[in-house]
Amino acid sequence: MATGLQLNIFHRLKLIKISVAIGLLLSMLCSYNLWGGQRWFPVCPVFKGFSISPPYDYILLGLEIILIFFLITVSKPRLVIFLILVLNLIYVLLDQNRLQPWFFIYNSFLMVLLFYNWRIDNINNYNSFFIILQLCFAAVYVYSGLQKFNPGFINDTYPWFIKPLANFVSERQMNTLYKTGYVIPLIEIFIGFGLLIKSLRFITIPLVILLHVIILILMGPFGNNYNPVVWPWNLMMIVLAVLLFSGKTNERFFSISHLFKQPVFYLVMTLFWILPAFNLVGKWETYLSFSLYSGNNNNAKILLCDDAYERLPFYIRHYVHDQGGQYLLYPKEWCLSELKTPLYPEKRIFENVYNYVQVISHSTEQDVKLVYIEKLKLFDSRP
């Protein structure tokens with residue numbers, strides 16, 4: 001008896017296109033301050049001086065919404081996908097903080113679909129692109145799990161993540177739940193590889209759904225109420241898991257050799273499977289390596305003297321903490337509060353914020369100092 005989603009691959013690809021479009025739109029709207037309008041948090045362009053001042057940046061946001069609408073509705077979307085990818089590249093060039101994990105994943109899916117000709121009469125063609133999307137999706141869980149093998153996840157991030165459960169269980173039960181953090185990385189890695197093994201999907205697909213439902217509950221308004229931009233992303237990961245892996249996902253007359261004829265296959269293998277491994281030793285971008293709530297990202301704090309603090313605009317003083325007579329500004333906290341999305345955790349971004357604080361407080365390096373904290377590498381022996 002047939003089980004799972006009963007839908008052919010050609011129609012699955014159409015639904016994946018729609019799901020990615022809706023997910024991209026919802027996440028951008030949840031973090032609208034990141035994409036347009038007046039703000040205090042500094043932009044970090046790739047090229048110095050490359051910028052679009054508000055309110056003119058709303059033109060880009062309006063164009064994005066229009067293109068996403070066409071992406072949802074048209075049956076031959078290659079031109080629309082190309083225009084969206086160009087626009088999103090411009091967005092990232094204007095501000096690197098926009099290169100969030102969800103933004104990278106959605107645009108990678110669109111990049112794969114750009115090479116697809118959307119014809120139903122070529123099994124080798126559409127099945128190849130479907131497998132490439134499966135590889136993209138599975139890699140997210142493999143590296144998300146690997147990134148969590150660090151003491152920061154076990155000791156800090158995971159206890160904070162499950163903290164809402166303390167309202168429903170005893171202290172002793174919570175202490176037991178804290179220990180489950182040791183198996184979370186293994187579960188994610190198992191999901192990633194298990195999705196690629198057809199005989200294991202009856203386990204891994206329910207695990208994906210359960211994982212993201214738990215995340216939505218604990219991260220939602222009745223839990224930690226944290227980072228609403230990832231709420232639609234978690235919903236779409238459930239939808240994409242079902243579309244990519246549930247039910248029959250192979251065609252009878254498909255030849256695997258055709259997969260290796262697609263240039264985008266090698267690009268995906270590089271971006272999703274090879275380069276993220278270099279981040280484990282500090283040689284690649286953290287957010288492009290799916291370090292999702294791993295408790296192990298680069299961090300920094302800015303120290304201000306009394307005079308520098310007094311010269312800050314009142315709005316920014318709201319994010320400064322007085323700790324034992326020392327003024328501390330945490331760029332990550334400021335970014336998340338104002339832009340509704342985490343800061344892109346690379347040293348150059350922290351330095352950009354630091355330089356901006358120096359300028360707006362009319363201070364020197366003696367008045368304002370940056371303390372940069374590099375993430376732990378795999379098998380790092382630091383305490």
# chains A, B, ... in the order shown; residues from 1 in each chain; ligands from 1
>>> residues_around(residues="Leu133 of chain A", least_positions_apart="5", cutoff="8 Å", atoms="only C-alpha atoms", output="VMD selection string")
chain A and resid 109 112 244
>>> select_by_dssp(residues="segment 235-349 of chain A", states="alpha helix (DSSP H)", output="PyMOL selection string")
chain A and resi 235-245+263-268+275-279+306-311+314-317+331-339+347-349
>>> write_last_selection(atoms="C-alpha atoms", output="compact mmCIF listing (two decimals), in the first residue's frame")
# COMPACT_ATOMS: atom_id res chain seq x y z
CA LEU A 235 7.07 26.22 9.15
CA MET A 236 8.51 26.14 5.64
CA MET A 237 11.16 23.59 6.65
CA ILE A 238 8.33 21.22 7.58
CA VAL A 239 6.59 21.85 4.25
CA LEU A 240 9.82 21.41 2.28
CA ALA A 241 10.70 18.20 4.14
CA VAL A 242 7.37 16.67 3.13
CA LEU A 243 7.61 17.86 -0.47
CA LEU A 244 11.20 16.70 -0.88
CA PHE A 245 11.16 13.35 0.89
CA PRO A 263 26.94 22.36 -13.26
CA VAL A 264 24.71 23.49 -10.38
CA PHE A 265 25.22 20.09 -8.74
CA TYR A 266 28.91 20.86 -8.18
CA LEU A 267 28.10 24.36 -7.00
CA VAL A 268 25.65 22.99 -4.42
CA LEU A 275 32.81 24.85 2.43
CA PRO A 276 30.79 24.47 5.69
CA ALA A 277 33.36 21.90 6.82
CA PHE A 278 36.02 24.63 6.71
CA ASN A 279 34.02 26.70 9.20
CA ASP A 306 31.80 57.85 30.56
CA ASP A 307 32.26 60.69 28.06
CA ALA A 308 31.67 58.42 25.04
CA TYR A 309 28.49 57.12 26.63
CA GLU A 310 27.22 60.65 27.29
CA ARG A 311 27.83 61.59 23.65
CA PHE A 314 19.64 58.65 23.54
CA TYR A 315 18.17 55.85 21.44
CA ILE A 316 21.45 53.92 21.34
CA ARG A 317 22.03 54.41 25.08
CA PRO A 331 26.13 44.64 18.93
CA LYS A 332 24.18 41.36 18.71
CA GLU A 333 21.55 42.52 21.19
CA TRP A 334 21.25 45.90 19.47
CA CYS A 335 20.87 44.33 16.02
CA LEU A 336 18.25 41.79 17.11
CA SER A 337 16.19 44.39 18.96
CA GLU A 338 16.16 47.01 16.21
CA LEU A 339 16.29 44.96 13.01
CA LYS A 347 34.68 40.04 12.73
CA ARG A 348 34.36 42.61 9.95
CA ILE A 349 30.73 43.23 10.94
>>> residues_around(residues="Leu89 of chain A", least_positions_apart="2", cutoff="12 Å", atoms="only C-alpha atoms", output="number ranges by chain")
A: 45-46, 60, 64, 82-87, 91-96, 98-99, 103-104, 107-108, 111
>>> residues_around(residues="Ile187 of chain A", least_positions_apart="6", cutoff="9 Å", atoms="only C-alpha atoms", output="list in words")
Tyr141, Gly145 and Leu207 of chain A
>>> closest_residue(among="A:Ser170, A:Ser31, A:Thr176, A:Ser246", to="Leu200 of chain A", atoms="only C-alpha atoms")
A:Ser246
>>> closest_residue(among="A:Trp35, A:Phe115, A:Trp102, A:Phe69", to="Asp57 of chain A", atoms="only C-alpha atoms")
A:Trp35
>>> residues_around(residues="segment 16-26 of chain A", least_positions_apart="5", cutoff="6 Å", atoms="only C-alpha atoms", output="JSON, numbers by chain")
{"A": [68, 72, 106]}
>>> closest_residue(among="A:Asp322, A:Asp367, A:Asp156, A:Glu188", to="Phe290 of chain A", atoms="only C-alpha atoms")
A:Glu188
>>> select_by_dssp(residues="segment 137-374 of chain A", states="strand (DSSP E)", output="mmCIF file with N, CA and C atoms, in the first residue's frame")
data_model
loop_
_atom_site.group_PDB
_atom_site.id
_atom_site.type_symbol
_atom_site.label_atom_id
_atom_site.label_comp_id
_atom_site.auth_asym_id
_atom_site.auth_seq_id
_atom_site.Cartn_x
_atom_site.Cartn_y
_atom_site.Cartn_z
ATOM 1 N N ASN A 299 31.541 36.566 18.634
ATOM 2 C CA ASN A 299 30.816 37.551 19.426
ATOM 3 C C ASN A 299 31.748 38.721 19.734
ATOM 4 N N ALA A 300 31.180 39.804 20.242
ATOM 5 C CA ALA A 300 31.977 40.976 20.603
ATOM 6 C C ALA A 300 31.173 41.873 21.524
ATOM 7 N N LYS A 301 31.890 42.707 22.241
ATOM 8 C CA LYS A 301 31.269 43.755 23.038
ATOM 9 C C LYS A 301 32.095 45.024 22.888
ATOM 10 N N ILE A 302 31.436 46.150 23.033
ATOM 11 C CA ILE A 302 32.089 47.449 22.880
ATOM 12 C C ILE A 302 32.115 48.136 24.238
ATOM 13 N N LEU A 303 33.302 48.531 24.672
ATOM 14 C CA LEU A 303 33.485 49.207 25.957
ATOM 15 C C LEU A 303 33.532 50.714 25.719
ATOM 16 N N LEU A 304 32.775 51.461 26.506
ATOM 17 C CA LEU A 304 32.724 52.916 26.353
ATOM 18 C C LEU A 304 33.099 53.591 27.663
ATOM 19 N N VAL A 320 22.916 50.129 25.941
ATOM 20 C CA VAL A 320 24.159 50.113 26.707
ATOM 21 C C VAL A 320 23.879 49.677 28.136
ATOM 22 N N HIS A 321 24.720 48.775 28.660
ATOM 23 C CA HIS A 321 24.563 48.268 30.023
ATOM 24 C C HIS A 321 25.656 48.841 30.915
ATOM 25 N N ASP A 322 25.263 49.256 32.079
ATOM 26 C CA ASP A 322 26.213 49.721 33.091
ATOM 27 C C ASP A 322 26.522 48.545 34.010
ATOM 28 N N GLN A 323 27.687 47.971 33.826
ATOM 29 C CA GLN A 323 28.085 46.802 34.612
ATOM 30 C C GLN A 323 29.302 47.149 35.465
ATOM 31 N N GLN A 326 31.182 50.199 34.336
ATOM 32 C CA GLN A 326 31.708 50.123 32.975
ATOM 33 C C GLN A 326 30.557 50.010 31.994
ATOM 34 N N TYR A 327 30.588 50.831 30.948
ATOM 35 C CA TYR A 327 29.514 50.834 29.958
ATOM 36 C C TYR A 327 29.818 49.836 28.843
ATOM 37 N N LEU A 328 28.877 48.923 28.616
ATOM 38 C CA LEU A 328 29.051 47.876 27.612
ATOM 39 C C LEU A 328 27.915 47.913 26.598
ATOM 40 N N LEU A 329 28.272 47.859 25.333
ATOM 41 C CA LEU A 329 27.292 47.791 24.246
ATOM 42 C C LEU A 329 27.500 46.468 23.515
ATOM 43 N N VAL A 368 36.606 54.337 23.200
ATOM 44 C CA VAL A 368 35.759 53.215 22.813
ATOM 45 C C VAL A 368 36.661 52.058 22.384
ATOM 46 N N LYS A 369 36.428 50.883 22.951
ATOM 47 C CA LYS A 369 37.260 49.726 22.635
ATOM 48 C C LYS A 369 36.381 48.537 22.238
ATOM 49 N N LEU A 370 36.898 47.745 21.305
ATOM 50 C CA LEU A 370 36.203 46.543 20.852
ATOM 51 C C LEU A 370 36.874 45.309 21.446
ATOM 52 N N VAL A 371 36.070 44.461 22.079
ATOM 53 C CA VAL A 371 36.555 43.175 22.576
ATOM 54 C C VAL A 371 35.916 42.090 21.720
ATOM 55 N N TYR A 372 36.729 41.457 20.890
ATOM 56 C CA TYR A 372 36.226 40.441 19.949
ATOM 57 C C TYR A 372 36.465 39.049 20.519
ATOM 58 N N ILE A 373 35.440 38.194 20.452
ATOM 59 C CA ILE A 373 35.519 36.833 20.984
ATOM 60 C C ILE A 373 35.280 35.858 19.839
#
>>> closest_atom_pairs(of="segment 316-360 of chain A", to="segment 217-233 of chain A", cutoff="8 Å", atoms="only C-alpha atoms", output="Markdown table")
| residue | atom | partner | partner_atom | distance |
| --- | --- | --- | --- | --- |
| A:Leu336 | CA | A:Asn227 | CA | 7.4 |
| A:Lys340 | CA | A:Asn227 | CA | 6.4 |
| A:Thr341 | CA | A:Asn227 | CA | 6.2 |
| A:Pro342 | CA | A:Asn227 | CA | 7.7 |
>>> residues_around(residues="Thr286 of chain A", least_positions_apart="6", cutoff="9 Å", atoms="only C-alpha atoms", output="ChimeraX atom specification")
/A:276,279-280,297-298,344-346
>>> closest_residue(among="A:Tyr293, A:Tyr116, A:Phe254, A:Phe137", to="Pro185 of chain A", atoms="only C-alpha atoms")
A:Tyr293
>>> atom_distance(atom1="atom CA of Leu177 of chain A", atom2="atom CA of Ser294 of chain A")
17.4 Å
>>> closest_residue(among="A:Leu216, A:Ile162, A:Leu63, A:Val208", to="Met174 of chain A", atoms="only C-alpha atoms")
A:Ile162
>>> residues_around(residues="Ile256 of chain A", least_positions_apart="2", cutoff="9 Å", atoms="only C-alpha atoms", output="number ranges by chain")
A: 124, 128, 254, 258-260
>>> write_last_selection(atoms="C-alpha atoms", output="mmCIF file, in the first residue's frame")
data_model
loop_
_atom_site.group_PDB
_atom_site.id
_atom_site.type_symbol
_atom_site.label_atom_id
_atom_site.label_comp_id
_atom_site.auth_asym_id
_atom_site.auth_seq_id
_atom_site.Cartn_x
_atom_site.Cartn_y
_atom_site.Cartn_z
ATOM 1 C CA ASN A 124 16.229 13.134 -16.202
ATOM 2 C CA SER A 128 18.200 15.803 -11.241
ATOM 3 C CA PHE A 254 15.806 8.249 -14.263
ATOM 4 C CA HIS A 258 22.437 12.862 -15.665
ATOM 5 C CA LEU A 259 22.850 14.401 -12.196
ATOM 6 C CA PHE A 260 26.596 14.792 -12.737
#
>>> atom_distance(atom1="atom CA of Phe153 of chain A", atom2="atom CA of Asn296 of chain A")
7.0 Å
